[in-house]
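Asker: Below is the file start-v2.txt, which contains compact mmCIF, C-alpha atoms.
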# COMPACT_ATOMS: atom_id res chain seq x y z
CA MET A 1 0.00 0.00 0.00
CA GLU A 2 1.30 3.45 -0.94
CA ILE A 3 1.79 5.52 2.21
CA LEU A 4 3.70 8.53 0.85
CA LYS A 5 3.31 10.15 -2.54
CA VAL A 6 5.56 12.99 -3.70
CA ASN A 7 4.33 14.45 -6.97
CA ASP A 8 6.33 16.93 -9.09
CA LEU A 9 7.57 18.77 -6.01
CA LYS A 10 9.18 22.16 -6.64
CA LYS A 11 10.67 24.72 -4.30
CA THR A 12 12.06 28.10 -5.27
CA TYR A 13 13.74 30.48 -2.83
CA THR A 14 14.16 34.19 -3.47
CA SER A 15 17.25 35.79 -1.93
CA ARG A 16 16.82 38.88 0.20
CA LEU A 17 19.58 40.70 -1.61
CA GLY A 18 18.91 41.29 -5.28
CA GLY A 19 15.86 39.04 -5.46
CA ALA A 20 17.74 36.24 -7.20
CA GLN A 21 15.81 32.97 -7.38
CA VAL A 22 17.25 29.57 -6.51
CA GLN A 23 15.44 26.37 -7.41
CA ALA A 24 16.11 23.89 -4.59
CA LEU A 25 13.68 21.31 -5.99
CA LYS A 26 12.83 21.14 -9.69
CA GLY A 27 10.20 18.40 -9.89
CA VAL A 28 10.79 15.56 -7.44
CA THR A 29 8.47 12.58 -7.85
CA PHE A 30 8.51 9.27 -5.96
CA THR A 31 6.33 7.07 -3.76
CA VAL A 32 6.99 5.06 -0.61
CA GLU A 33 5.12 1.88 0.19
CA ALA A 34 4.01 1.03 3.72
CA GLY A 35 6.79 -0.92 5.44
CA GLU A 36 9.55 0.37 3.13
CA TYR A 37 12.94 1.58 4.36
CA VAL A 38 14.13 4.30 1.97
CA ALA A 39 17.36 6.29 2.12
CA ILE A 40 17.83 9.61 0.33
CA MET A 41 21.34 10.67 -0.62
CA GLY A 42 22.87 13.63 -2.38
CA GLU A 43 25.67 16.14 -2.07
CA SER A 44 25.26 19.36 -0.07
CA GLY A 45 22.98 21.70 -1.99
CA SER A 46 21.25 18.88 -3.88
CA GLY A 47 17.87 19.65 -2.30
CA LYS A 48 17.51 16.73 0.10
CA THR A 49 17.19 18.90 3.24
CA THR A 50 14.58 21.05 1.54
CA LEU A 51 12.74 17.88 0.56
CA LEU A 52 12.81 16.56 4.13
CA ASN A 53 11.48 19.86 5.51
CA ILE A 54 8.54 19.73 3.10
CA LEU A 55 7.83 16.08 3.93
CA ALA A 56 7.82 17.06 7.61
CA ALA A 57 5.29 19.84 6.88
CA LEU A 58 7.84 22.38 8.12
CA ASP A 59 7.95 24.13 4.75
CA GLN A 60 5.57 24.59 1.83
CA PRO A 61 6.45 23.69 -1.77
CA THR A 62 6.28 26.21 -4.58
CA GLY A 63 4.65 23.60 -6.79
CA GLY A 64 3.53 19.99 -6.68
CA CYS A 65 2.24 18.21 -3.59
CA VAL A 66 2.91 15.63 -0.91
CA GLU A 67 0.28 13.12 0.23
CA LEU A 68 0.45 10.99 3.36
CA GLU A 69 -2.04 8.12 3.14
CA GLY A 70 -3.99 10.14 0.58
CA LYS A 71 -4.11 13.36 2.61
CA ARG A 72 -2.41 16.36 1.06
CA LEU A 73 -0.08 18.07 3.52
CA ASP A 74 -0.87 21.48 2.09
CA ALA A 75 -4.52 20.87 3.00
CA VAL A 76 -3.72 20.64 6.72
CA LYS A 77 -4.67 23.90 8.44
CA GLU A 78 -1.91 25.90 10.11
CA ASN A 79 -3.44 25.46 13.58
CA GLU A 80 -3.64 21.69 13.06
CA LEU A 81 -0.08 21.11 11.82
CA ALA A 82 1.52 20.38 15.21
CA ALA A 83 -1.09 17.76 16.05
CA PHE A 84 -0.84 16.30 12.53
CA ARG A 85 2.94 15.87 12.84
CA ARG A 86 2.61 14.38 16.33
CA GLU A 87 -0.02 11.86 15.27
CA ASN A 88 1.46 10.82 11.91
CA LEU A 89 5.21 11.46 11.86
CA GLY A 90 8.15 10.45 14.02
CA PHE A 91 11.42 12.38 13.86
CA VAL A 92 15.00 11.31 14.54
CA PHE A 93 17.56 14.11 14.25
CA GLN A 94 21.34 14.16 14.03
CA GLU A 95 21.67 16.22 17.21
CA PHE A 96 19.15 14.12 19.19
CA ASN A 97 17.03 17.18 20.22
CA LEU A 98 16.55 15.85 23.75
CA LEU A 99 15.79 18.25 26.60
CA ASP A 100 18.63 18.14 29.14
CA THR A 101 16.31 19.10 32.02
CA PHE A 102 14.10 16.05 31.32
CA THR A 103 15.00 12.43 32.02
CA LEU A 104 15.11 10.08 29.06
CA LYS A 105 11.71 8.78 30.19
CA ASP A 106 10.18 12.26 30.15
CA ASN A 107 11.76 13.06 26.78
CA ILE A 108 10.31 9.88 25.28
CA LEU A 109 6.87 10.47 26.77
CA LEU A 110 6.65 14.13 25.73
CA PRO A 111 4.69 13.51 22.47
CA LEU A 112 2.12 11.46 24.39
CA VAL A 113 1.82 14.11 27.10
CA LEU A 114 1.21 16.74 24.43
CA GLY A 115 -1.33 14.39 22.84
CA GLY A 116 -3.26 14.08 26.10
CA LYS A 117 -2.78 10.31 26.55
CA SER A 118 -3.57 8.68 29.89
CA VAL A 119 -0.83 7.77 32.36
CA SER A 120 -1.57 4.05 32.01
CA GLU A 121 -1.37 4.20 28.21
CA MET A 122 1.88 6.17 28.37
CA GLN A 123 3.42 3.63 30.74
CA THR A 124 2.38 0.71 28.54
CA ARG A 125 3.75 2.29 25.38
CA LEU A 126 6.96 3.29 27.16
CA MET A 127 7.76 -0.28 28.16
CA GLN A 128 6.80 -1.61 24.72
CA THR A 129 9.19 0.88 23.11
CA ALA A 130 12.12 1.21 25.52
CA GLY A 131 12.60 -2.53 26.11
CA PRO A 132 13.38 -3.54 22.50
CA LEU A 133 15.68 -0.51 22.15
CA GLY A 134 17.73 -1.59 25.15
CA ILE A 135 17.23 1.55 27.24
CA ALA A 136 14.70 0.36 29.86
CA GLU A 137 17.40 0.40 32.56
CA ILE A 138 18.47 4.01 31.97
CA LEU A 139 15.11 5.77 31.62
CA ASN A 140 15.62 7.81 34.81
CA LYS A 141 18.97 9.18 33.65
CA TYR A 142 19.35 12.57 32.01
CA PRO A 143 20.73 13.01 28.48
CA TYR A 144 24.06 14.37 29.78
CA GLU A 145 24.53 11.16 31.82
CA VAL A 146 24.41 8.72 28.89
CA SER A 147 26.38 8.02 25.69
CA GLY A 148 25.61 9.39 22.24
CA GLY A 149 24.31 6.00 21.13
CA GLN A 150 21.97 5.82 24.12
CA LYS A 151 20.74 9.35 23.42
CA GLN A 152 19.97 8.41 19.83
CA ARG A 153 18.11 5.28 20.91
CA ALA A 154 16.07 7.45 23.28
CA ALA A 155 15.35 9.76 20.34
CA ALA A 156 14.27 6.73 18.30
CA ALA A 157 11.99 5.67 21.16
CA ARG A 158 10.43 9.14 21.22
CA ALA A 159 9.79 8.87 17.50
CA LEU A 160 8.30 5.38 17.79
CA ILE A 161 6.10 5.83 20.84
CA THR A 162 3.31 7.56 18.92
CA ASN A 163 3.05 4.63 16.47
CA PRO A 164 3.71 7.00 13.54
CA LYS A 165 2.80 6.19 9.98
CA LEU A 166 6.23 7.39 8.86
CA ILE A 167 9.57 8.01 10.56
CA LEU A 168 11.71 10.78 9.06
CA ALA A 169 15.36 10.50 10.03
CA ASP A 170 17.77 13.36 9.31
CA GLU A 171 21.42 12.19 9.32
CA PRO A 172 20.69 9.96 12.37
CA THR A 173 24.25 8.59 12.55
CA GLY A 174 25.97 11.90 11.85
CA ALA A 175 26.92 12.62 15.49
CA LEU A 176 27.76 9.04 16.46
CA ASP A 177 30.96 7.02 16.53
CA SER A 178 31.19 3.88 14.40
CA ARG A 179 30.05 1.51 17.16
CA SER A 180 27.03 3.64 18.14
CA SER A 181 26.17 4.09 14.45
CA ALA A 182 26.16 0.33 13.93
CA GLU A 183 23.92 -0.13 16.99
CA LEU A 184 21.45 2.49 15.77
CA LEU A 185 21.34 1.04 12.26
CA ARG A 186 20.55 -2.38 13.76
CA VAL A 187 17.72 -0.72 15.69
CA PHE A 188 16.38 0.90 12.51
CA SER A 189 16.52 -2.42 10.66
CA GLN A 190 14.62 -4.12 13.48
CA MET A 191 12.03 -1.33 13.50
CA ASN A 192 11.58 -1.82 9.77
CA ARG A 193 11.26 -5.60 10.12
CA ASN A 194 8.49 -4.91 12.62
CA GLY A 195 6.64 -2.99 9.92
CA GLN A 196 7.72 0.60 10.52
CA THR A 197 8.07 2.76 7.41
CA ILE A 198 11.31 4.78 7.46
CA LEU A 199 12.63 7.54 5.22
CA MET A 200 16.19 8.54 6.07
CA VAL A 201 18.32 11.39 4.67
CA THR A 202 22.01 10.58 4.98
CA HIS A 203 25.48 11.30 3.61
CA SER A 204 26.67 7.91 4.83
CA ALA A 205 26.89 5.07 2.31
CA ASP A 206 27.12 2.68 5.26
CA ALA A 207 23.83 3.96 6.72
CA ALA A 208 22.13 3.90 3.33
CA SER A 209 23.27 0.31 2.74
CA HIS A 210 20.83 -0.83 5.44
CA ALA A 211 17.84 0.51 3.49
CA GLY A 212 15.74 -1.38 0.99
CA ARG A 213 15.91 1.41 -1.59
CA VAL A 214 18.22 4.38 -2.10
CA LEU A 215 17.17 7.55 -3.93
CA PHE A 216 19.87 9.91 -5.20
CA ILE A 217 19.01 13.61 -5.47
CA ARG A 218 21.06 15.85 -7.75
CA ASP A 219 20.30 19.43 -8.76
CA GLY A 220 16.82 19.27 -7.30
CA VAL A 221 15.58 16.10 -9.01
CA VAL A 222 15.69 12.35 -8.39
CA PHE A 223 18.67 11.40 -10.52
CA HIS A 224 18.88 7.67 -9.83
CA GLN A 225 17.68 4.95 -7.46
CA LEU A 226 18.93 1.57 -6.31
CA TYR A 227 16.89 -1.34 -5.01
CA ARG A 228 18.37 -3.80 -2.55
CA GLY A 229 16.84 -6.89 -4.14
CA ASP A 230 18.92 -9.86 -2.97
CA SER A 231 22.01 -7.75 -2.26
CA THR A 232 23.77 -7.94 1.09
CA ASN A 233 24.61 -4.73 2.94
CA GLU A 234 28.16 -5.00 1.62
CA GLU A 235 27.01 -5.44 -1.98
CA LEU A 236 24.57 -2.55 -1.72
CA TYR A 237 27.29 -0.42 -0.13
CA LYS A 238 29.50 -0.95 -3.19
CA LYS A 239 26.66 -0.04 -5.56
CA ILE A 240 26.00 3.11 -3.54
CA ALA A 241 29.69 4.06 -3.54
CA ASP A 242 29.88 3.53 -7.31
CA THR A 243 26.79 5.70 -7.84
CA LEU A 244 28.18 8.49 -5.62
CA THR A 245 31.41 8.42 -7.64
CA MET A 246 29.38 8.71 -10.84
CA LEU A 247 27.45 11.66 -9.38
CA ARG A 248 30.68 13.46 -8.47
CA THR A 249 32.63 12.75 -11.65
CA GLY A 250 29.84 12.43 -14.21
CA ARG A 251 31.04 8.99 -15.32
What does this structure look like when you write it as structure tokens?
Answerer:
Amino acid sequence: MEILKVNDLKKTYTSRLGGAQVQALKGVTFTVEAGEYVAIMGESGSGKTTLLNILAALDQPTGGCVELEGKRLDAVKENELAAFRRENLGFVFQEFNLLDTFTLKDNILLPLVLGGKSVSEMQTRLMQTAGPLGIAEILNKYPYEVSGGQKQRAAAARALITNPKLILADEPTGALDSRSSAELLRVFSQMNRNGQTILMVTHSADAASHAGRVLFIRDGVVFHQLYRGDSTNEELYKKIADTLTMLRTGR
């Protein structure tokens, strides 16, 4: 079943000085099926961050549209956007975005508190989420008391606890060492095996090699895509590296 549809998406920015126009997106079109794990790659300035912001309903396109389970994001009223994001989308950021004055438990539960869920429901969902992520024993610690990998798993738990239709991950391994990155990518793969749909923006070929499909953005359009098929992570990694070389050199 098609969960996300991106149709001819365009975004043009006008500079404050001189009024020059820059086309960040020039007609991006793709779909994501429920249960897919998709990585988006591209060099700086390719448009992938702009794309992610529009998918997160944090920015409006100049043209085209985005649909989540058939609902156009540009049809969501301004005063309903926060609730729409909370109920439908989960976010995992490079810098964790955890509140240092909250315990990990309180950080994870925050979306449910804002959504007005009962204490019993919050406790049930917390245990269902924190246990598989391996952070049940550290929930009463504060972000500054745990490792980067543990922070990122707490951020993943916060994204998962609302049972979102789609998780959007922005460079989720960017601030982690190699060991913590590997742990988080295993978590993402397990989440996906459990049926969670994931769309991840990344510069890392290693991170992208865990996805089922990789989209390459260049100059504001989808330039190429790779499907995992029967490839191992190592085989997909090599295909990704070869494609990135082609994007950089033109051959």
Asker: Quick check, in Å to one decimal: how far apart do atom CA of Thr31 of chain A and atom CA of Ile3 of chain A lie?
Answerer: 7.7 Å
Asker: Select from segment 24-69 of chain A every residue with an atom at most 8 Å from any atom of segment 211-231 of chain A, then for each give the shortest pair of atoms and their distance in Å to one decimal, using all atoms listed in the file, rows by chain and rising number, as JSON lines.
Answerer:
{"residue": "A:Ala24", "atom": "CA", "partner": "A:Gly220", "partner_atom": "CA", "distance": 5.4}
{"residue": "A:Leu25", "atom": "CA", "partner": "A:Gly220", "partner_atom": "CA", "distance": 4.0}
{"residue": "A:Lys26", "atom": "CA", "partner": "A:Gly220", "partner_atom": "CA", "distance": 5.0}
{"residue": "A:Gly27", "atom": "CA", "partner": "A:Val221", "partner_atom": "CA", "distance": 5.9}
{"residue": "A:Val28", "atom": "CA", "partner": "A:Val221", "partner_atom": "CA", "distance": 5.1}
{"residue": "A:Thr29", "atom": "CA", "partner": "A:Val222", "partner_atom": "CA", "distance": 7.2}
{"residue": "A:Glu36", "atom": "CA", "partner": "A:Gly212", "partner_atom": "CA", "distance": 6.8}
{"residue": "A:Tyr37", "atom": "CA", "partner": "A:Ala211", "partner_atom": "CA", "distance": 5.1}
{"residue": "A:Val38", "atom": "CA", "partner": "A:Arg213", "partner_atom": "CA", "distance": 4.9}
{"residue": "A:Ala39", "atom": "CA", "partner": "A:Val214", "partner_atom": "CA", "distance": 4.7}
{"residue": "A:Ile40", "atom": "CA", "partner": "A:Leu215", "partner_atom": "CA", "distance": 4.8}
{"residue": "A:Met41", "atom": "CA", "partner": "A:Phe216", "partner_atom": "CA", "distance": 4.9}
{"residue": "A:Gly42", "atom": "CA", "partner": "A:Ile217", "partner_atom": "CA", "distance": 4.9}
{"residue": "A:Glu43", "atom": "CA", "partner": "A:Arg218", "partner_atom": "CA", "distance": 7.3}
{"residue": "A:Gly45", "atom": "CA", "partner": "A:Asp219", "partner_atom": "CA", "distance": 7.6}
{"residue": "A:Ser46", "atom": "CA", "partner": "A:Arg218", "partner_atom": "CA", "distance": 4.9}
{"residue": "A:Gly47", "atom": "CA", "partner": "A:Gly220", "partner_atom": "CA", "distance": 5.1}
{"residue": "A:Lys48", "atom": "CA", "partner": "A:Ile217", "partner_atom": "CA", "distance": 6.6}
Asker: Can you list, as a VMD selection string, every protein, DNA or RNA residue that comes within 9 Å of Pro172 of chain A when you count all atoms listed in the file, leaving out same-chain residues fewer than 2 positions away?
Answerer: chain A and resid 92 to 96 152 169 to 170 174 to 176 181 184 to 185 200 to 202 207
Asker: Take the residues from that selection and write them out as a PDB file, keeping the file's coordinate frame, keeping C-alpha atoms.
Answerer:
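File selection01.pdb, as written:
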ATOM      1  CA  VAL A  92      15.000  11.310  14.540  1.00  0.00           C
ATOM      2  CA  PHE A  93      17.560  14.110  14.250  1.00  0.00           C
ATOM      3  CA  GLN A  94      21.340  14.160  14.030  1.00  0.00           C
ATOM      4  CA  GLU A  95      21.670  16.220  17.210  1.00  0.00           C
ATOM      5  CA  PHE A  96      19.150  14.120  19.190  1.00  0.00           C
ATOM      6  CA  GLN A 152      19.970   8.410  19.830  1.00  0.00           C
ATOM      7  CA  ALA A 169      15.360  10.500  10.030  1.00  0.00           C
ATOM      8  CA  ASP A 170      17.770  13.360   9.310  1.00  0.00           C
ATOM      9  CA  GLY A 174      25.970  11.900  11.850  1.00  0.00           C
ATOM     10  CA  ALA A 175      26.920  12.620  15.490  1.00  0.00           C
ATOM     11  CA  LEU A 176      27.760   9.040  16.460  1.00  0.00           C
ATOM     12  CA  SER A 181      26.170   4.090  14.450  1.00  0.00           C
ATOM     13  CA  LEU A 184      21.450   2.490  15.770  1.00  0.00           C
ATOM     14  CA  LEU A 185      21.340   1.040  12.260  1.00  0.00           C
ATOM     15  CA  MET A 200      16.190   8.540   6.070  1.00  0.00           C
ATOM     16  CA  VAL A 201      18.320  11.390   4.670  1.00  0.00           C
ATOM     17  CA  THR A 202      22.010  10.580   4.980  1.00  0.00           C
ATOM     18  CA  ALA A 207      23.830   3.960   6.720  1.00  0.00           C
TER      19      ALA A 207
END
Asker: Find the residue from A:Arg86, A:Lys11, A:Arg186, A:His210 that sits nearest to Leu52 of chain A; use all atoms listed in the file when measuring.
Answerer: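 Nearest candidate to Leu52 of chain A out of A:Arg86, A:Lys11, A:Arg186, A:His210: A:Lys11.
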Asker: Please put the answer as AutoDock Vina command-line options: centre and edge lengths, in Å with one decimal, of a box along x, y and z that encloses all listed atoms of segment 39-58 of chain A plus 8 Å on each side.
Answerer:
--center_x 15.5 --center_y 14.3 --center_z 2.1 --size_x 36.4 --size_y 32.1 --size_z 28.0
Asker: Find the residue from A:Gln150, A:Asn163, A:Ser44, A:Thr14 that sits nearest to Leu104 of chain A; use only C-alpha atoms when measuring.
Answerer: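 Of A:Gln150, A:Asn163, A:Ser44, A:Thr14, the one nearest Leu104 of chain A, counting only C-alpha atoms, is A:Gln150.
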Asker: Just the residues within 7 Å of segment 56-67 of chain A, please, counting only C-alpha atoms, with nothing from its chain fewer than 2 positions along; format it as a PyMOL selection string.
Answerer: chain A and resi 4-12+52-54+69-73
Asker: Could those residues be written to a file, using C-alpha atoms, as a short mmCIF file (atom, residue, chain, number, x, y, z; two decimals), keeping the file's coordinate frame?
Answerer:
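As a result, selection_11.cif now contains:
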data_model
loop_
_atom_site.label_atom_id
_atom_site.label_comp_id
_atom_site.auth_asym_id
_atom_site.auth_seq_id
_atom_site.Cartn_x
_atom_site.Cartn_y
_atom_site.Cartn_z
CA LEU A 4 3.70 8.53 0.85
CA LYS A 5 3.31 10.15 -2.54
CA VAL A 6 5.56 12.99 -3.70
CA ASN A 7 4.33 14.45 -6.97
CA ASP A 8 6.33 16.93 -9.09
CA LEU A 9 7.57 18.77 -6.01
CA LYS A 10 9.18 22.16 -6.64
CA LYS A 11 10.67 24.72 -4.30
CA THR A 12 12.06 28.10 -5.27
CA LEU A 52 12.81 16.56 4.13
CA ASN A 53 11.48 19.86 5.51
CA ILE A 54 8.54 19.73 3.10
CA GLU A 69 -2.04 8.12 3.14
CA GLY A 70 -3.99 10.14 0.58
CA LYS A 71 -4.11 13.36 2.61
CA ARG A 72 -2.41 16.36 1.06
CA LEU A 73 -0.08 18.07 3.52
#
Asker: With a distance cut-off of 7 Å and all atoms listed in the file, select the neighbouring residues of Ala157 of chain A, excluding the residue or stretch itself and same-chain residues fewer than 3 positions from it, and output the selection as a PyMOL selection string.
Answerer: chain A and resi 108+129-130+153-154+160-161
Asker: Choose the residue, out of A:Arg193, A:Arg85, A:Arg158, A:Arg16, that has the smallest atom-to-atom separation from Leu109 of chain A; count only C-alpha atoms.
Answerer: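 Going through A:Arg193, A:Arg85, A:Arg158, A:Arg16 one by one, the smallest distance to Leu109 of chain A is for A:Arg158.
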Asker: Write out as number ranges by chain which residues come within 12 Å of Lys238 of chain A when counting only C-alpha atoms, dropping same-chain ones fewer than 3 positions away.
Answerer: A: 205-206, 208-209, 226, 228, 231-235, 241-245
Asker: For atom CA of Gly131 of chain A and atom CA of Asn194 of chain A, quote the distance in Å rounded to one decimal.
Answerer: 14.3 Å
Asker: So, with all atoms listed in the file as the atoms that count, which of A:Lys105, A:Asp177, A:Gln21, A:Ala83 lies closest to Gly148 of chain A?
Answerer: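 Under the stated criterion, the closest residue is A:Asp177.
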Asker: For the atom pair atom CA of Ile135 of chain A and atom CA of Lys151 of chain A, what is the interatomic distance in Å to one decimal place?
Answerer: 9.4 Å
Asker: Name the closest residue to Thr103 of chain A among the candidates A:Lys141, A:Arg179, A:Lys77, A:Lys165; distances are taken between atoms, counting all atoms listed in the file.
Answerer: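 Checking each of A:Lys141, A:Arg179, A:Lys77, A:Lys165 against Thr103 of chain A, counting all atoms listed in the file, the winner is A:Lys141.
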Asker: Find the residues near Phe91 of chain A: any atom within 6 Å, counting all atoms listed in the file, skip ones fewer than 6 places away on the same chain, and give them as an MDAnalysis selection string.
Answerer: chainID A and resid 159 167:169
Asker: Taking the block just given, write segment 28-37 of chain A to a file that holds all heavy atoms, as a short mmCIF file (atom, residue, chain, number, x, y, z; two decimals), in the first residue's frame.
Answerer:
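Okay, this is what ended up in result.cif:
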data_model
loop_
_atom_site.label_atom_id
_atom_site.label_comp_id
_atom_site.auth_asym_id
_atom_site.auth_seq_id
_atom_site.Cartn_x
_atom_site.Cartn_y
_atom_site.Cartn_z
N VAL A 28 10.48 16.85 -8.07
CA VAL A 28 10.79 15.56 -7.44
C VAL A 28 9.52 14.72 -7.36
O VAL A 28 8.49 15.17 -6.85
CB VAL A 28 11.38 15.75 -6.03
CG1 VAL A 28 11.52 14.41 -5.31
CG2 VAL A 28 12.73 16.46 -6.12
N THR A 29 9.60 13.50 -7.86
CA THR A 29 8.47 12.58 -7.85
C THR A 29 8.93 11.19 -7.39
O THR A 29 9.89 10.65 -7.94
CB THR A 29 7.82 12.46 -9.24
OG1 THR A 29 7.31 13.74 -9.64
CG2 THR A 29 6.69 11.44 -9.24
N PHE A 30 8.28 10.66 -6.37
CA PHE A 30 8.51 9.27 -5.96
C PHE A 30 7.40 8.86 -4.98
O PHE A 30 6.65 9.71 -4.49
CB PHE A 30 9.89 9.08 -5.32
CG PHE A 30 10.09 9.79 -4.01
CD1 PHE A 30 9.81 9.16 -2.80
CD2 PHE A 30 10.58 11.09 -3.98
CE1 PHE A 30 10.01 9.82 -1.59
CE2 PHE A 30 10.78 11.75 -2.77
CZ PHE A 30 10.49 11.11 -1.57
N THR A 31 7.29 7.58 -4.74
CA THR A 31 6.33 7.07 -3.76
C THR A 31 7.06 6.15 -2.78
O THR A 31 8.14 5.63 -3.08
CB THR A 31 5.19 6.28 -4.43
OG1 THR A 31 5.74 5.17 -5.15
CG2 THR A 31 4.40 7.16 -5.39
N VAL A 32 6.47 5.98 -1.62
CA VAL A 32 6.99 5.06 -0.61
C VAL A 32 5.86 4.15 -0.18
O VAL A 32 4.78 4.63 0.17
CB VAL A 32 7.55 5.82 0.61
CG1 VAL A 32 8.00 4.83 1.69
CG2 VAL A 32 8.72 6.73 0.21
N GLU A 33 6.11 2.86 -0.23
CA GLU A 33 5.12 1.88 0.19
C GLU A 33 5.18 1.69 1.71
O GLU A 33 6.23 1.86 2.33
CB GLU A 33 5.37 0.53 -0.50
CG GLU A 33 5.26 0.57 -2.01
CD GLU A 33 3.84 0.81 -2.49
OE1 GLU A 33 2.92 0.17 -1.94
OE2 GLU A 33 3.65 1.62 -3.41
N ALA A 34 4.05 1.33 2.30
CA ALA A 34 4.01 1.03 3.72
C ALA A 34 5.00 -0.09 4.02
O ALA A 34 5.05 -1.10 3.32
CB ALA A 34 2.60 0.62 4.14
N GLY A 35 5.81 0.09 5.06
CA GLY A 35 6.79 -0.92 5.44
C GLY A 35 8.12 -0.80 4.72
O GLY A 35 9.02 -1.59 4.98
N GLU A 36 8.27 0.18 3.83
CA GLU A 36 9.55 0.37 3.13
C GLU A 36 10.57 1.08 4.03
O GLU A 36 10.21 1.80 4.97
CB GLU A 36 9.36 1.20 1.86
CG GLU A 36 9.24 0.39 0.59
CD GLU A 36 9.54 1.22 -0.65
OE1 GLU A 36 8.76 2.14 -0.97
OE2 GLU A 36 10.56 0.95 -1.30
N TYR A 37 11.83 0.90 3.70
CA TYR A 37 12.94 1.58 4.36
C TYR A 37 13.71 2.24 3.22
O TYR A 37 14.42 1.59 2.46
CB TYR A 37 13.78 0.56 5.11
CG TYR A 37 14.92 1.10 5.94
CD1 TYR A 37 15.66 0.21 6.74
CD2 TYR A 37 15.31 2.43 5.94
CE1 TYR A 37 16.73 0.64 7.51
CE2 TYR A 37 16.36 2.88 6.70
CZ TYR A 37 17.07 1.98 7.50
OH TYR A 37 18.13 2.42 8.27
#
